[in-house]
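S.K.: Provided herewith: structure-v7.tsv, TSV, C-alpha atoms and all ligand atoms.
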chain	number	residue	atom	x	y	z
A	1	MET	CA	100.42	103.85	121.21
A	2	LYS	CA	101.93	106.56	119.05
A	3	LEU	CA	100.39	109.28	116.90
A	4	LEU	CA	101.92	109.19	113.41
A	5	ASN	CA	99.85	112.04	112.00
A	6	SER	CA	100.55	115.33	113.78
A	7	THR	CA	97.06	116.62	112.98
A	8	LEU	CA	95.35	113.69	114.70
A	9	ASP	CA	93.51	114.46	117.93
A	10	LEU	CA	92.41	111.13	119.37
A	11	ASP	CA	90.14	112.64	122.03
A	12	ALA	CA	88.38	114.64	119.31
A	13	PHE	CA	88.01	111.44	117.26
A	14	PHE	CA	86.29	109.61	120.12
A	15	ASP	CA	84.15	112.66	120.79
A	16	ARG	CA	82.97	112.60	117.18
A	17	LEU	CA	82.45	108.84	117.47
A	18	ARG	CA	80.22	109.34	120.52
A	19	LYS	CA	78.02	111.80	118.63
A	20	ALA	CA	78.06	110.03	115.24
A	21	SER	CA	74.93	108.65	113.63
A	22	GLN	CA	77.00	105.95	111.89
A	23	ARG	CA	80.13	104.19	113.09
A	24	VAL	CA	82.21	101.85	110.98
A	25	LEU	CA	84.96	99.66	112.42
A	26	LEU	CA	87.02	97.77	109.83
A	27	LEU	CA	89.47	95.18	111.13
A	28	ASP	CA	92.10	93.05	109.48
A	29	TYR	CA	92.47	89.59	111.08
A	30	ASP	CA	96.00	88.07	110.99
A	31	GLY	CA	98.60	90.12	112.82
A	32	THR	CA	95.90	92.57	113.94
A	33	LEU	CA	93.30	90.63	115.96
A	34	ALA	CA	95.35	87.43	116.09
A	35	PRO	CA	99.08	86.89	116.63
A	36	PHE	CA	100.86	85.05	113.84
A	37	ARG	CA	101.37	81.33	114.19
A	38	ALA	CA	103.35	78.96	112.02
A	39	GLU	CA	100.20	76.79	112.02
A	40	ARG	CA	97.96	79.31	110.25
A	41	GLU	CA	94.79	77.31	110.82
A	42	GLN	CA	95.32	77.70	114.58
A	43	ALA	CA	95.82	81.48	114.59
A	44	ALA	CA	93.22	82.30	117.25
A	45	PRO	CA	92.50	85.90	118.28
A	46	TYR	CA	94.11	87.42	121.38
A	47	PRO	CA	91.91	86.09	124.23
A	48	ARG	CA	90.38	89.46	125.19
A	49	ILE	CA	89.40	90.35	121.63
A	50	PRO	CA	86.32	88.15	120.89
A	51	PRO	CA	84.37	89.23	124.02
A	52	LEU	CA	85.06	92.87	123.16
A	53	LEU	CA	83.98	92.44	119.55
A	54	ASP	CA	80.87	90.54	120.71
A	55	GLU	CA	79.98	93.52	122.90
A	56	ILE	CA	80.57	96.00	120.07
A	57	VAL	CA	78.30	93.91	117.80
A	58	GLN	CA	75.65	93.52	120.52
A	59	CYS	CA	75.64	97.25	121.06
A	60	ARG	CA	74.28	97.50	117.48
A	61	ARG	CA	75.56	101.00	117.05
A	62	SER	CA	78.62	100.14	114.96
A	63	ARG	CA	79.00	98.43	111.64
A	64	LEU	CA	81.83	95.98	112.30
A	65	ALA	CA	83.49	94.23	109.37
A	66	ILE	CA	86.54	92.02	109.07
A	67	VAL	CA	88.73	92.64	106.01
A	68	SER	CA	91.12	89.75	105.45
A	69	GLY	CA	93.26	88.07	102.85
A	70	ARG	CA	92.00	84.74	104.18
A	71	ALA	CA	88.95	82.97	102.84
A	72	THR	CA	85.74	84.20	104.49
A	73	THR	CA	84.91	80.80	106.02
A	74	ALA	CA	88.37	80.54	107.59
A	75	VAL	CA	88.04	83.97	109.23
A	76	ALA	CA	84.56	83.20	110.59
A	77	ALA	CA	85.74	79.91	112.13
A	78	LEU	CA	88.89	81.37	113.73
A	79	LEU	CA	87.20	84.49	115.06
A	80	GLY	CA	84.55	82.50	116.87
A	81	LEU	CA	82.18	85.38	117.69
A	82	LYS	CA	78.69	84.70	119.02
A	83	ARG	CA	77.32	86.13	115.82
A	84	THR	CA	79.35	85.99	112.58
A	85	PRO	CA	80.10	89.58	111.57
A	86	GLU	CA	80.29	91.01	108.10
A	87	ILE	CA	83.44	89.64	106.43
A	88	PHE	CA	85.27	90.74	103.31
A	89	GLY	CA	87.45	87.70	102.55
A	90	SER	CA	90.18	87.14	99.94
A	91	HIS	CA	91.06	90.88	100.13
A	92	GLY	CA	87.46	91.73	99.23
A	93	ALA	CA	86.89	89.25	96.38
A	94	GLU	CA	84.42	87.46	98.71
A	95	ARG	CA	81.80	89.12	100.86
A	96	LEU	CA	79.68	87.71	103.64
A	97	SER	CA	77.02	90.21	104.65
A	98	ILE	CA	75.59	90.50	108.12
A	99	ASP	CA	72.31	88.92	106.96
A	100	GLY	CA	74.23	85.82	105.83
A	101	THR	CA	74.21	86.66	102.13
A	102	TYR	CA	77.41	85.42	100.53
A	103	ARG	CA	78.96	86.78	97.35
A	104	SER	CA	81.55	84.46	95.91
A	105	PRO	CA	84.41	85.71	93.77
A	106	THR	CA	84.10	85.49	90.02
A	107	VAL	CA	87.00	83.27	89.01
A	108	PRO	CA	87.27	82.38	85.31
A	109	GLU	CA	87.69	78.68	84.54
A	110	ALA	CA	91.21	79.19	83.13
A	111	THR	CA	92.23	81.00	86.32
A	112	ARG	CA	90.81	78.22	88.47
A	113	ALA	CA	92.84	75.70	86.45
A	114	VAL	CA	96.04	77.71	87.00
A	115	LEU	CA	95.37	77.92	90.76
A	116	GLY	CA	94.98	74.13	90.83
A	117	GLU	CA	98.20	73.76	88.89
A	118	ALA	CA	100.05	76.08	91.28
A	119	TYR	CA	98.72	74.10	94.23
A	120	ARG	CA	99.94	70.82	92.73
A	121	TRP	CA	103.31	72.41	91.97
A	122	ALA	CA	103.62	73.46	95.62
A	123	GLY	CA	102.86	69.88	96.67
A	124	ASP	CA	105.55	68.56	94.32
A	125	GLN	CA	108.01	71.01	95.88
A	126	GLY	CA	107.17	69.82	99.39
A	127	LEU	CA	105.57	73.17	100.23
A	128	GLN	CA	102.13	71.90	101.32
A	129	ARG	CA	102.43	73.42	104.80
A	130	GLN	CA	103.48	76.76	103.32
A	131	THR	CA	100.64	76.88	100.80
A	132	GLU	CA	97.14	78.26	101.27
A	133	LEU	CA	94.68	77.70	98.43
A	134	LYS	CA	91.83	80.22	98.59
A	135	PRO	CA	88.69	80.85	96.55
A	136	ALA	CA	90.41	83.62	94.58
A	137	GLY	CA	94.12	83.00	94.91
A	138	ILE	CA	96.95	81.03	96.37
A	139	ALA	CA	99.38	82.20	99.05
A	140	PHE	CA	102.86	80.89	99.80
A	141	HIS	CA	103.91	81.61	103.38
A	142	TRP	CA	107.42	81.69	104.83
A	143	ARG	CA	106.84	83.29	108.20
A	144	GLY	CA	108.77	81.42	110.89
A	145	LEU	CA	111.21	79.81	108.44
A	146	GLU	CA	114.94	80.42	108.34
A	147	ARG	CA	115.98	83.24	106.03
A	148	GLU	CA	117.52	80.85	103.49
A	149	ALA	CA	114.44	78.63	103.29
A	150	ALA	CA	112.23	81.73	102.94
A	151	GLU	CA	114.42	83.07	100.14
A	152	ARG	CA	114.26	79.73	98.32
A	153	ILE	CA	110.45	79.84	98.39
A	154	ARG	CA	110.41	83.46	97.25
A	155	GLN	CA	112.69	82.76	94.32
A	156	SER	CA	110.99	79.58	93.13
A	157	VAL	CA	107.49	81.11	93.36
A	158	ARG	CA	108.67	84.23	91.52
A	159	THR	CA	110.22	82.09	88.79
A	160	GLN	CA	107.06	80.02	88.33
A	161	SER	CA	104.57	82.82	88.71
A	162	SER	CA	105.26	84.65	85.46
A	163	ARG	CA	104.16	81.49	83.65
A	164	TRP	CA	100.98	81.30	85.76
A	165	SER	CA	100.26	85.02	85.43
A	166	ASP	CA	100.62	84.98	81.65
A	167	ARG	CA	97.90	82.35	81.34
A	168	SER	CA	95.50	83.59	83.99
A	169	GLY	CA	96.02	87.31	84.55
A	170	LEU	CA	96.62	86.50	88.22
A	171	GLU	CA	98.80	89.07	89.96
A	172	LEU	CA	101.73	88.28	92.25
A	173	ARG	CA	101.89	90.45	95.37
A	174	GLU	CA	104.21	90.23	98.32
A	175	PHE	CA	102.79	90.52	101.82
A	176	ASP	CA	104.40	90.46	105.25
A	177	GLY	CA	105.63	86.84	105.33
A	178	GLY	CA	104.89	85.53	101.86
A	179	LEU	CA	103.77	85.91	98.29
A	180	GLU	CA	100.27	85.64	96.92
A	181	LEU	CA	99.01	85.03	93.43
A	182	ARG	CA	95.59	86.64	93.35
A	183	LEU	CA	92.88	88.14	91.19
A	184	PRO	CA	94.08	91.45	89.76
A	185	GLY	CA	92.61	94.80	90.74
A	186	ILE	CA	91.07	93.71	94.04
A	187	THR	CA	92.59	95.30	97.13
A	188	LYS	CA	91.56	96.20	100.64
A	189	GLY	CA	91.39	99.77	99.33
A	190	ASP	CA	88.42	98.67	97.19
A	191	VAL	CA	86.73	97.33	100.32
A	192	VAL	CA	87.15	100.72	102.01
A	193	ARG	CA	85.76	102.45	98.90
A	194	THR	CA	82.73	100.11	98.92
A	195	VAL	CA	82.07	100.65	102.62
A	196	LEU	CA	82.42	104.44	102.32
A	197	ALA	CA	80.00	104.47	99.38
A	198	GLU	CA	77.50	102.60	101.57
A	199	SER	CA	77.93	105.02	104.49
A	200	ASP	CA	76.80	108.57	105.26
A	201	ASP	CA	79.28	111.34	104.59
A	202	GLN	CA	79.32	111.96	108.34
A	203	ALA	CA	80.01	108.34	109.31
A	204	VAL	CA	83.01	107.92	111.61
A	205	VAL	CA	85.27	105.23	110.20
A	206	ALA	CA	88.39	103.45	111.46
A	207	TYR	CA	90.49	100.77	109.79
A	208	LEU	CA	92.98	98.65	111.73
A	209	GLY	CA	95.60	96.51	109.98
A	210	ASP	CA	99.19	95.35	110.16
A	211	ASP	CA	100.28	94.32	106.69
A	212	THR	CA	101.54	96.00	103.55
A	213	THR	CA	98.24	94.92	101.95
A	214	ASP	CA	96.47	97.14	104.52
A	215	GLU	CA	98.33	100.17	103.18
A	216	ASP	CA	95.87	100.23	100.24
A	217	ALA	CA	93.08	100.65	102.79
A	218	PHE	CA	94.99	103.33	104.73
A	219	GLU	CA	95.58	105.27	101.52
A	220	THR	CA	91.92	105.12	100.49
A	221	LEU	CA	90.79	106.21	103.94
A	222	ALA	CA	93.15	109.20	104.09
A	223	GLY	CA	91.25	112.37	105.00
A	224	ARG	CA	88.05	110.40	105.52
A	225	GLY	CA	88.75	108.14	108.50
A	226	LEU	CA	91.28	106.95	111.02
A	227	SER	CA	93.95	104.52	109.78
A	228	ILE	CA	95.67	102.46	112.43
A	229	LEU	CA	98.75	100.30	112.13
A	230	VAL	CA	98.61	97.40	114.62
A	231	ARG	CA	102.05	95.92	114.88
A	232	THR	CA	104.77	95.07	117.37
A	233	GLU	CA	107.33	97.04	115.38
A	234	LEU	CA	106.74	100.30	113.58
A	235	ARG	CA	107.43	100.38	109.84
A	236	PRO	CA	106.94	103.04	107.16
A	237	THR	CA	103.17	103.47	106.85
A	238	LYS	CA	100.40	105.81	105.75
A	239	ALA	CA	98.51	105.11	108.99
A	240	ASP	CA	97.63	107.93	111.42
A	241	LEU	CA	98.18	105.94	114.58
A	242	TRP	CA	100.32	103.01	115.73
A	243	LEU	CA	99.04	100.47	118.27
A	244	ILE	CA	101.09	97.65	119.77
A	245	PRO	CA	98.97	94.52	120.22
A	246	PRO	CA	97.40	93.29	122.31
A	247	GLU	CA	97.39	95.99	125.06
A	248	ASP	CA	96.95	99.09	122.88
A	249	LEU	CA	94.44	97.25	120.70
A	250	VAL	CA	92.35	96.20	123.69
A	251	SER	CA	92.42	99.78	125.02
A	252	PHE	CA	91.33	101.17	121.66
A	253	LEU	CA	88.45	98.70	121.31
A	254	HIS	CA	87.35	99.40	124.90
A	255	ARG	CA	87.27	103.09	124.13
A	256	TRP	CA	85.32	102.40	120.92
A	257	LEU	CA	82.81	100.34	122.88
A	258	GLU	CA	82.42	103.02	125.54
A	259	SER	CA	81.83	105.64	122.87
A	260	CYS	CA	79.01	103.57	121.39
A	261	LYS	CA	77.04	102.95	124.54
B	301	MG	MG	97.13	91.14	108.62
With the file now loaded, output its structure as structure tokens.
Ligand SMILES: [Mg+2]
M.R.:
Amino acid sequence: MKLLNSTLDLDAFFDRLRKASQRVLLLDYDGTLAPFRAEREQAAPYPRIPPLLDEIVQCRRSRLAIVSGRATTAVAALLGLKRTPEIFGSHGAERLSIDGTYRSPTVPEATRAVLGEAYRWAGDQGLQRQTELKPAGIAFHWRGLEREAAERIRQSVRTQSSRWSDRSGLELREFDGGLELRLPGITKGDVVRTVLAESDDQAVVAYLGDDTTDEDAFETLAGRGLSILVRTELRPTKADLWLIPPEDLVSFLHRWLESCK
């Protein structure tokens, strides 16, 4: 654990959390709650995480939401909590509320057609295992591949994507381990903005994430909540605090739970 913001006082943060009338815990999934796996559909959480999150949910004194680039259904299945939490999927284009209400992304027909075309293209290139078709985008993963193979995927997707973007308005963004063609103007920063707008001014908020896509959330939360980079290796970040998973993460969540009892 390392403080990255010299003005951060972690004890004071937990003290405020203990006294807060509203607590909001926002968590990315891949790389944060779950270690990366080449088989993405098997990326289960670190073993001690689900029981802790179950306890935080049961305590009913925190609003817990998962904020992921994955489809909402995929996150819910992998997380495996006793009660499905609130989930912002596809970077916030999808939203599953705690009462089970689901808001699907608005994807224009032409965009849907381009996503289908991109998926077929990936199949033709032999990239099925690297490709993740989602409700509001398509991701091409190269994590775990040799550098040359990864570079080949990066180049061929970049070459193709301008053609897809021109016809659909889809935006190409690089993340830690791949490229994603996704709906424009929807970021994890928007999720943070939405959640803050739904919370009291005095609500104590924390966001935990590992990826470059989480930096949008860290930036939006600056001055308003605690941003935490969860990652084995430190990288340039706007986060206030760095946690190495799983030990530091488990300690942080324990402390959160204790502060909510
Ligand atoms: Mg992540």
S.K.: Please return as a count of residues only the residues found within 10 Å of ligand MG 301 (chain B), counting all atoms listed in the file.
M.R.: 26
S.K.: Which distance in Å separates CA of Glu148 (chain A) and CA of Gln42 (chain A), to one decimal?
M.R.: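 So the answer is 25.0 Å.
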S.K.: Which residues are near Gly144 (chain A)? Cut-off 12 Å, all atoms listed in the file, ignore same chain within fewer than 6 positions. Put them as a VMD selection string.
M.R.: chain A and resid 36 to 40 129 to 130 150 176 to 178
S.K.: With C-alpha atoms retained, write the just-selected residues as a PDB file, in the frame of the given file.
M.R.:
ATOM      1  CA  PHE A  36     100.860  85.050 113.840  1.00  0.00           C
ATOM      2  CA  ARG A  37     101.370  81.330 114.190  1.00  0.00           C
ATOM      3  CA  ALA A  38     103.350  78.960 112.020  1.00  0.00           C
ATOM      4  CA  GLU A  39     100.200  76.790 112.020  1.00  0.00           C
ATOM      5  CA  ARG A  40      97.960  79.310 110.250  1.00  0.00           C
ATOM      6  CA  ARG A 129     102.430  73.420 104.800  1.00  0.00           C
ATOM      7  CA  GLN A 130     103.480  76.760 103.320  1.00  0.00           C
ATOM      8  CA  ALA A 150     112.230  81.730 102.940  1.00  0.00           C
ATOM      9  CA  ASP A 176     104.400  90.460 105.250  1.00  0.00           C
ATOM     10  CA  GLY A 177     105.630  86.840 105.330  1.00  0.00           C
ATOM     11  CA  GLY A 178     104.890  85.530 101.860  1.00  0.00           C
TER      12      GLY A 178
END
S.K.: If you take only C-alpha atoms and a cut-off of 10 Å, which residues of region 136-194 of chain A touch region 95-116 of chain A, and what are their nearest atom pairs and distances in Å to one decimal, in chain and number order, as a tab-separated table?
M.R.:
residue	atom	partner	partner_atom	distance
A:Ala136	CA	A:Pro105	CA	6.4
A:Gly137	CA	A:Leu115	CA	6.7
A:Ile138	CA	A:Leu115	CA	6.6
A:Arg163	CA	A:Val114	CA	9.6
A:Trp164	CA	A:Val114	CA	6.2
A:Ser165	CA	A:Val114	CA	8.6
A:Arg167	CA	A:Val114	CA	7.6
A:Ser168	CA	A:Thr111	CA	4.8
A:Gly169	CA	A:Thr111	CA	7.6
A:Leu170	CA	A:Thr111	CA	7.3
A:Leu181	CA	A:Leu115	CA	8.4
A:Arg182	CA	A:Leu115	CA	9.1
A:Leu183	CA	A:Val107	CA	7.9
A:Val191	CA	A:Arg95	CA	9.6
S.K.: What does the distance from CA of Ala76 (chain A) to CA of Gly89 (chain A) come to in Å, to one decimal?
M.R.: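 Between these atoms lies a distance of 9.7 Å.
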S.K.: Kindly give the distance, in Å, that separates CA of Phe14 (chain A) and CA of Ile244 (chain A), rounded to a single decimal.
M.R.: 19.0 Å
S.K.: For Ile87 (chain A), which residue among A:Val195, A:Leu8, A:Val250, A:Leu3 is the nearest when counting all atoms listed in the file?
M.R.: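 Smallest distance to Ile87 (chain A) is found for A:Val195.
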S.K.: Which residue out of A:Lys261, A:His254, A:Lys188, A:Arg193 has the minimum interatomic distance to Pro51 (chain A) when only C-alpha atoms are used?
M.R.: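 With only C-alpha atoms as the atom set, the closest residue is A:His254.
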S.K.: I'd like to know which of A:Leu253, A:Asp201, A:His141, A:Ser227 is closest to Asp54 (chain A), using all atoms listed in the file.
M.R.: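 For Asp54 (chain A), the nearest of the given residues is A:Leu253.
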S.K.: For a quick check of your reading of the model, name the residues lying within 7 Å of the coordinate (82.4, 106.1, 112.1), counting only C-alpha atoms, and write them as a ChimeraX atom specification.
M.R.: /A:17,20,22-25,203-206
S.K.: List the neighbours of Val57 (chain A) out to 10 Å using only C-alpha atoms; skip same-chain residues closer than 3 positions along the sequence, and give me the result as a count of residues only.
M.R.: 16
S.K.: Considering only C-alpha atoms, can you say which of A:Glu132, A:Glu233, A:Asp190, A:Glu174 comes closest to Ala93 (chain A)?
M.R.: A:Asp190
S.K.: Taking the block just given, write region 195-208 of chain A to a file that holds all heavy atoms, as a PDB file, in the first residue's frame.
M.R.:
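Written output follows (result_5.pdb):
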ATOM      1  N   VAL A 195     -23.253   8.640 -10.308  1.00  0.00           N
ATOM      2  CA  VAL A 195     -23.365   8.199  -8.912  1.00  0.00           C
ATOM      3  C   VAL A 195     -23.264   9.396  -7.965  1.00  0.00           C
ATOM      4  O   VAL A 195     -24.019   9.492  -6.993  1.00  0.00           O
ATOM      5  CB  VAL A 195     -22.285   7.134  -8.600  1.00  0.00           C
ATOM      6  CG1 VAL A 195     -22.212   6.839  -7.116  1.00  0.00           C
ATOM      7  CG2 VAL A 195     -22.570   5.852  -9.381  1.00  0.00           C
ATOM      8  N   LEU A 196     -22.357  10.319  -8.245  1.00  0.00           N
ATOM      9  CA  LEU A 196     -22.222  11.507  -7.388  1.00  0.00           C
ATOM     10  C   LEU A 196     -23.507  12.332  -7.415  1.00  0.00           C
ATOM     11  O   LEU A 196     -23.954  12.834  -6.385  1.00  0.00           O
ATOM     12  CB  LEU A 196     -21.034  12.372  -7.828  1.00  0.00           C
ATOM     13  CG  LEU A 196     -19.632  11.812  -7.559  1.00  0.00           C
ATOM     14  CD1 LEU A 196     -18.573  12.764  -8.098  1.00  0.00           C
ATOM     15  CD2 LEU A 196     -19.407  11.563  -6.066  1.00  0.00           C
ATOM     16  N   ALA A 197     -24.113  12.446  -8.599  1.00  0.00           N
ATOM     17  CA  ALA A 197     -25.347  13.229  -8.720  1.00  0.00           C
ATOM     18  C   ALA A 197     -26.485  12.583  -7.925  1.00  0.00           C
ATOM     19  O   ALA A 197     -27.401  13.265  -7.485  1.00  0.00           O
ATOM     20  CB  ALA A 197     -25.741  13.360 -10.200  1.00  0.00           C
ATOM     21  N   GLU A 198     -26.387  11.267  -7.735  1.00  0.00           N
ATOM     22  CA  GLU A 198     -27.428  10.548  -6.987  1.00  0.00           C
ATOM     23  C   GLU A 198     -27.121  10.478  -5.488  1.00  0.00           C
ATOM     24  O   GLU A 198     -27.874   9.860  -4.735  1.00  0.00           O
ATOM     25  CB  GLU A 198     -27.561   9.111  -7.539  1.00  0.00           C
ATOM     26  CG  GLU A 198     -28.110   9.082  -8.966  1.00  0.00           C
ATOM     27  CD  GLU A 198     -28.007   7.696  -9.612  1.00  0.00           C
ATOM     28  OE1 GLU A 198     -27.420   6.783  -9.008  1.00  0.00           O
ATOM     29  OE2 GLU A 198     -28.515   7.547 -10.741  1.00  0.00           O
ATOM     30  N   SER A 199     -25.994  11.037  -5.091  1.00  0.00           N
ATOM     31  CA  SER A 199     -25.558  10.936  -3.687  1.00  0.00           C
ATOM     32  C   SER A 199     -25.610  12.304  -3.006  1.00  0.00           C
ATOM     33  O   SER A 199     -25.576  13.338  -3.661  1.00  0.00           O
ATOM     34  CB  SER A 199     -24.118  10.424  -3.616  1.00  0.00           C
ATOM     35  OG  SER A 199     -23.970   9.233  -4.344  1.00  0.00           O
ATOM     36  N   ASP A 200     -25.628  12.266  -1.660  1.00  0.00           N
ATOM     37  CA  ASP A 200     -25.518  13.508  -0.875  1.00  0.00           C
ATOM     38  C   ASP A 200     -24.138  14.135  -1.096  1.00  0.00           C
ATOM     39  O   ASP A 200     -23.178  13.418  -1.362  1.00  0.00           O
ATOM     40  CB  ASP A 200     -25.595  13.188   0.634  1.00  0.00           C
ATOM     41  CG  ASP A 200     -26.989  12.778   1.046  1.00  0.00           C
ATOM     42  OD1 ASP A 200     -27.910  12.947   0.222  1.00  0.00           O
ATOM     43  OD2 ASP A 200     -27.130  12.262   2.167  1.00  0.00           O
ATOM     44  N   ASP A 201     -24.072  15.420  -0.867  1.00  0.00           N
ATOM     45  CA  ASP A 201     -22.773  16.102  -0.970  1.00  0.00           C
ATOM     46  C   ASP A 201     -21.770  15.539   0.043  1.00  0.00           C
ATOM     47  O   ASP A 201     -20.568  15.582  -0.169  1.00  0.00           O
ATOM     48  CB  ASP A 201     -22.932  17.606  -0.715  1.00  0.00           C
ATOM     49  CG  ASP A 201     -23.650  18.280  -1.880  1.00  0.00           C
ATOM     50  OD1 ASP A 201     -23.774  17.642  -2.941  1.00  0.00           O
ATOM     51  OD2 ASP A 201     -24.087  19.433  -1.710  1.00  0.00           O
ATOM     52  N   GLN A 202     -22.308  15.046   1.153  1.00  0.00           N
ATOM     53  CA  GLN A 202     -21.444  14.551   2.235  1.00  0.00           C
ATOM     54  C   GLN A 202     -21.110  13.069   2.110  1.00  0.00           C
ATOM     55  O   GLN A 202     -20.400  12.523   2.969  1.00  0.00           O
ATOM     56  CB  GLN A 202     -22.135  14.785   3.589  1.00  0.00           C
ATOM     57  CG  GLN A 202     -22.444  16.246   3.885  1.00  0.00           C
ATOM     58  CD  GLN A 202     -21.196  17.111   3.808  1.00  0.00           C
ATOM     59  OE1 GLN A 202     -20.162  16.759   4.365  1.00  0.00           O
ATOM     60  NE2 GLN A 202     -21.277  18.219   3.085  1.00  0.00           N
ATOM     61  N   ALA A 203     -21.622  12.417   1.076  1.00  0.00           N
ATOM     62  CA  ALA A 203     -21.375  10.979   0.914  1.00  0.00           C
ATOM     63  C   ALA A 203     -19.871  10.719   0.799  1.00  0.00           C
ATOM     64  O   ALA A 203     -19.150  11.482   0.166  1.00  0.00           O
ATOM     65  CB  ALA A 203     -22.086  10.458  -0.325  1.00  0.00           C
ATOM     66  N   VAL A 204     -19.423   9.640   1.421  1.00  0.00           N
ATOM     67  CA  VAL A 204     -18.005   9.258   1.325  1.00  0.00           C
ATOM     68  C   VAL A 204     -17.888   8.208   0.212  1.00  0.00           C
ATOM     69  O   VAL A 204     -18.554   7.173   0.245  1.00  0.00           O
ATOM     70  CB  VAL A 204     -17.493   8.717   2.676  1.00  0.00           C
ATOM     71  CG1 VAL A 204     -16.077   8.195   2.538  1.00  0.00           C
ATOM     72  CG2 VAL A 204     -17.545   9.825   3.721  1.00  0.00           C
ATOM     73  N   VAL A 205     -17.059   8.530  -0.766  1.00  0.00           N
ATOM     74  CA  VAL A 205     -17.001   7.725  -1.987  1.00  0.00           C
ATOM     75  C   VAL A 205     -15.580   7.228  -2.232  1.00  0.00           C
ATOM     76  O   VAL A 205     -14.614   7.971  -2.061  1.00  0.00           O
ATOM     77  CB  VAL A 205     -17.434   8.581  -3.214  1.00  0.00           C
ATOM     78  CG1 VAL A 205     -17.504   7.732  -4.481  1.00  0.00           C
ATOM     79  CG2 VAL A 205     -18.775   9.271  -2.964  1.00  0.00           C
ATOM     80  N   ALA A 206     -15.466   5.967  -2.663  1.00  0.00           N
ATOM     81  CA  ALA A 206     -14.158   5.446  -3.103  1.00  0.00           C
ATOM     82  C   ALA A 206     -14.348   4.687  -4.412  1.00  0.00           C
ATOM     83  O   ALA A 206     -15.390   4.053  -4.628  1.00  0.00           O
ATOM     84  CB  ALA A 206     -13.557   4.531  -2.052  1.00  0.00           C
ATOM     85  N   TYR A 207     -13.365   4.790  -5.275  1.00  0.00           N
ATOM     86  CA  TYR A 207     -13.378   4.059  -6.546  1.00  0.00           C
ATOM     87  C   TYR A 207     -12.074   3.289  -6.667  1.00  0.00           C
ATOM     88  O   TYR A 207     -10.987   3.853  -6.545  1.00  0.00           O
ATOM     89  CB  TYR A 207     -13.513   5.040  -7.722  1.00  0.00           C
ATOM     90  CG  TYR A 207     -13.611   4.344  -9.066  1.00  0.00           C
ATOM     91  CD1 TYR A 207     -14.835   4.258  -9.736  1.00  0.00           C
ATOM     92  CD2 TYR A 207     -12.490   3.755  -9.658  1.00  0.00           C
ATOM     93  CE1 TYR A 207     -14.926   3.597 -10.957  1.00  0.00           C
ATOM     94  CE2 TYR A 207     -12.578   3.089 -10.873  1.00  0.00           C
ATOM     95  CZ  TYR A 207     -13.798   3.015 -11.518  1.00  0.00           C
ATOM     96  OH  TYR A 207     -13.897   2.353 -12.725  1.00  0.00           O
ATOM     97  N   LEU A 208     -12.175   1.989  -6.933  1.00  0.00           N
ATOM     98  CA  LEU A 208     -10.995   1.140  -7.064  1.00  0.00           C
ATOM     99  C   LEU A 208     -10.909   0.565  -8.477  1.00  0.00           C
ATOM    100  O   LEU A 208     -11.880  -0.050  -8.957  1.00  0.00           O
ATOM    101  CB  LEU A 208     -11.050  -0.028  -6.065  1.00  0.00           C
ATOM    102  CG  LEU A 208     -10.747   0.276  -4.595  1.00  0.00           C
ATOM    103  CD1 LEU A 208     -11.887   1.039  -3.930  1.00  0.00           C
ATOM    104  CD2 LEU A 208     -10.492  -1.015  -3.832  1.00  0.00           C
TER     105      LEU A 208
END
